[in-house]
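Coordinates from entry25.cif are shown below (mmCIF, C-alpha atoms and all ligand atoms).
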data_work
#
loop_
_atom_site.label_atom_id
_atom_site.label_comp_id
_atom_site.auth_asym_id
_atom_site.auth_seq_id
_atom_site.Cartn_x
_atom_site.Cartn_y
_atom_site.Cartn_z
CA MET C 23 135.49 98.67 88.26
CA GLU C 24 133.25 95.69 87.75
CA GLN C 25 129.61 96.60 87.31
CA GLN C 26 127.28 94.93 89.75
CA THR C 27 123.89 93.72 88.65
CA GLY C 28 120.80 93.23 90.75
CA GLU C 29 121.92 95.43 93.61
CA TRP C 30 118.83 95.18 95.77
CA VAL C 31 118.55 97.19 98.95
CA ARG C 32 115.63 96.81 101.35
CA ALA C 33 113.71 100.09 101.30
CA ALA C 34 110.53 99.52 103.31
CA ALA C 35 108.03 97.02 104.60
CA LEU C 36 105.37 96.22 102.04
CA ALA C 37 102.70 96.73 104.71
CA GLU C 38 103.89 100.31 105.25
CA VAL C 39 103.82 101.08 101.53
CA ARG C 40 100.31 99.64 101.33
CA ARG C 41 99.17 101.68 104.30
CA ARG C 42 100.70 105.02 103.28
CA ARG C 43 100.49 104.54 99.49
CA ARG C 44 103.39 106.95 98.94
CA LEU C 45 106.44 107.57 101.06
CA ALA C 46 110.02 108.73 100.81
CA VAL C 47 112.90 106.55 101.89
CA THR C 48 116.64 107.07 101.84
CA VAL C 49 118.55 104.28 100.15
CA GLU C 50 122.32 104.54 100.12
CA GLY C 51 122.08 108.30 100.58
CA ARG C 52 119.54 108.78 97.80
CA ARG C 53 115.98 109.95 98.48
CA ILE C 54 113.58 107.68 96.68
CA ALA C 55 109.79 107.93 96.58
CA LEU C 56 107.80 104.70 96.68
CA PHE C 57 104.31 104.64 95.25
CA LEU C 58 101.58 102.06 95.45
CA VAL C 59 99.69 102.07 92.15
CA GLY C 60 97.04 99.40 92.11
CA ASP C 61 98.81 96.43 93.68
CA ASP C 62 102.24 97.35 92.36
CA VAL C 63 105.05 99.33 93.94
CA TYR C 64 107.10 101.81 91.90
CA ALA C 65 110.12 103.90 92.76
CA LEU C 66 111.15 107.30 91.43
CA ASP C 67 113.73 109.75 92.71
CA ASP C 68 111.90 111.80 95.32
CA VAL C 69 113.39 115.13 94.24
CA CYS C 70 111.53 116.46 91.21
CA VAL C 71 113.69 117.23 88.18
CA HIS C 72 111.78 120.48 87.74
CA LYS C 73 112.14 122.53 90.93
CA GLN C 74 113.16 119.98 93.53
CA ARG C 75 109.81 119.45 95.23
CA SER C 76 109.18 116.12 96.90
CA LEU C 77 107.24 113.74 94.66
CA SER C 78 106.27 111.64 97.67
CA LYS C 79 104.18 114.60 98.85
CA GLY C 80 102.27 114.57 95.60
CA ALA C 81 99.31 112.49 94.53
CA VAL C 82 98.67 109.33 92.57
CA LEU C 83 95.82 109.84 90.15
CA ASN C 84 94.69 107.48 87.40
CA GLY C 85 97.92 105.52 87.71
CA ARG C 86 100.09 108.61 87.38
CA VAL C 87 102.18 110.51 89.92
CA ILE C 88 101.42 114.22 90.19
CA CYS C 89 104.15 116.51 91.55
CA PRO C 90 102.91 118.88 94.26
CA GLY C 91 105.07 121.68 92.86
CA HIS C 92 103.64 122.42 89.44
CA GLN C 93 101.52 119.34 88.77
CA TRP C 94 103.78 117.71 86.24
CA VAL C 95 102.52 114.19 85.55
CA PHE C 96 104.91 111.24 85.77
CA ASP C 97 104.74 107.64 84.64
CA PRO C 98 105.55 105.81 87.89
CA GLU C 99 107.37 103.00 86.08
CA THR C 100 109.54 104.89 83.59
CA GLY C 101 109.66 108.40 85.07
CA GLU C 102 108.51 109.85 81.75
CA ILE C 103 106.78 113.20 82.09
CA GLU C 104 103.67 113.96 80.10
CA GLY C 105 104.34 116.58 77.46
CA ARG C 106 108.02 117.01 78.36
CA ASP C 107 111.33 115.71 77.15
CA GLU C 108 112.77 115.43 80.65
CA CYS C 109 112.51 112.25 82.63
CA GLN C 110 112.48 111.61 86.35
CA PRO C 111 115.03 108.95 87.34
CA SER C 112 113.28 105.67 88.10
CA HIS C 113 114.38 102.60 90.00
CA ALA C 114 113.74 98.90 89.66
CA VAL C 115 111.58 97.47 92.44
CA ARG C 116 111.33 93.94 93.76
CA VAL C 117 108.85 92.75 96.36
CA ASP C 118 109.99 89.73 98.31
CA GLY C 119 107.75 88.44 101.05
CA GLY C 120 106.85 91.40 103.22
CA ASP C 121 109.68 93.65 102.06
CA VAL C 122 110.21 96.10 99.23
CA TYR C 123 113.65 96.24 97.66
CA VAL C 124 114.92 98.86 95.22
CA ASP C 125 117.96 99.17 93.05
CA PRO C 126 119.40 102.54 94.12
CA ARG C 127 121.00 103.05 90.73
CA PRO C 128 118.58 105.00 88.54
CA ARG C 129 117.50 103.23 85.37
CA ILE C 130 118.11 106.33 83.26
CA LEU C 131 121.73 106.72 84.27
CA SER C 132 122.54 103.05 83.93
CA GLU C 133 121.01 102.99 80.43
CA GLU C 134 122.59 106.22 79.25
CA HIS C 135 125.99 105.50 80.74
CA PRO C 136 126.59 101.75 80.50
CA SER C 137 129.96 100.77 81.80
S1 LIG C 201 108.73 120.98 91.17
FE1 LIG C 201 107.82 119.20 90.31
S2 LIG C 201 106.63 120.03 88.71
FE2 LIG C 201 107.69 121.77 89.46
#
Could you spell out this file's structure in C-alpha cells?
Amino acid sequence: MEQQTGEWVRAAALAEVRRRRRLAVTVEGRRIALFLVGDDVYALDDVCVHKQRSLSKGAVLNGRVICPGHQWVFDPETGEIEGRDECQPSHAVRVDGGDVYVDPRPRILSEEHPS
C-alpha cells in the first residue's frame, strides 16, 4: 500500500484550544489530546501509556504535560517522559487560519515502522 504523507485532519477550532488550553478530540477513531503551550498547539495520544488515564485531564506546567494519574511528566512535542524510557505517541500539528489540524498517525509508530 502506498504510504500517504501529510495526512492532515481537522481536529478543533484554534479558538477552542486557546480557550480551554487542553482538550481531547477523536480523530479517525483515535483519542488525541491537544495542548496549548505558550502560543503553540501540541498533540499527544490522550490515553496515557502508563495506566490509561486521560492526559487531557492533566495539567500543563512549565511547558510540560503532567498526567493526572501518577504525575508522569511529558514533553508535549515529542511525548518523551522525564526519567523513563517509554514515550507517549505524539502527533504532528498544523494550524491553518482558525483551525487546528493533526496527523492521526503517531510520530513514534511512523518512525519505528517506516513502510
Ligand atoms: S496513568 Fe499516566 S502516569 Fe500513571
Quick check, in Å to one decimal: how far apart do CA of Gly119 (chain C) and CA of Gly85 (chain C) lie?
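So the two atoms, CA of Gly119 (chain C) and CA of Gly85 (chain C), lie 23.8 Å apart.
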Given a cut-off of 9 Å, what residues near ligand LIG 201 (chain C) show up using only C-alpha atoms and all ligand atoms, put as a PyMOL selection string?
chain C and resi 69-77+80+88-95
For C-alpha atoms, I'd like the residues from the last selection saved as a PDB file, in the coordinates of the input.
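Saved file part-v2.pdb follows:
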ATOM      1  CA  VAL C  69     113.390 115.130  94.240  1.00  0.00           C
ATOM      2  CA  CYS C  70     111.530 116.460  91.210  1.00  0.00           C
ATOM      3  CA  VAL C  71     113.690 117.230  88.180  1.00  0.00           C
ATOM      4  CA  HIS C  72     111.780 120.480  87.740  1.00  0.00           C
ATOM      5  CA  LYS C  73     112.140 122.530  90.930  1.00  0.00           C
ATOM      6  CA  GLN C  74     113.160 119.980  93.530  1.00  0.00           C
ATOM      7  CA  ARG C  75     109.810 119.450  95.230  1.00  0.00           C
ATOM      8  CA  SER C  76     109.180 116.120  96.900  1.00  0.00           C
ATOM      9  CA  LEU C  77     107.240 113.740  94.660  1.00  0.00           C
ATOM     10  CA  GLY C  80     102.270 114.570  95.600  1.00  0.00           C
ATOM     11  CA  ILE C  88     101.420 114.220  90.190  1.00  0.00           C
ATOM     12  CA  CYS C  89     104.150 116.510  91.550  1.00  0.00           C
ATOM     13  CA  PRO C  90     102.910 118.880  94.260  1.00  0.00           C
ATOM     14  CA  GLY C  91     105.070 121.680  92.860  1.00  0.00           C
ATOM     15  CA  HIS C  92     103.640 122.420  89.440  1.00  0.00           C
ATOM     16  CA  GLN C  93     101.520 119.340  88.770  1.00  0.00           C
ATOM     17  CA  TRP C  94     103.780 117.710  86.240  1.00  0.00           C
ATOM     18  CA  VAL C  95     102.520 114.190  85.550  1.00  0.00           C
TER      19      VAL C  95
END
Nearest to Ile103 (chain C) by atom-to-atom distance, counting only C-alpha atoms, from C:Leu66, C:Arg40, C:Val31, C:Ile54:
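Looking at the shortest contact to Ile103 (chain C), the residue is C:Leu66.
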Find the residues around Asp61 (chain C) up to 12 Å (all atoms listed in the file counted), leave out those fewer than 5 positions away in its own chain, and share them as a PyMOL selection string.
chain C and resi 36-37+39-41+43+85+117
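Going from CA of Ala33 (chain C) to CA of Pro98 (chain C) covers 16.7 Å.
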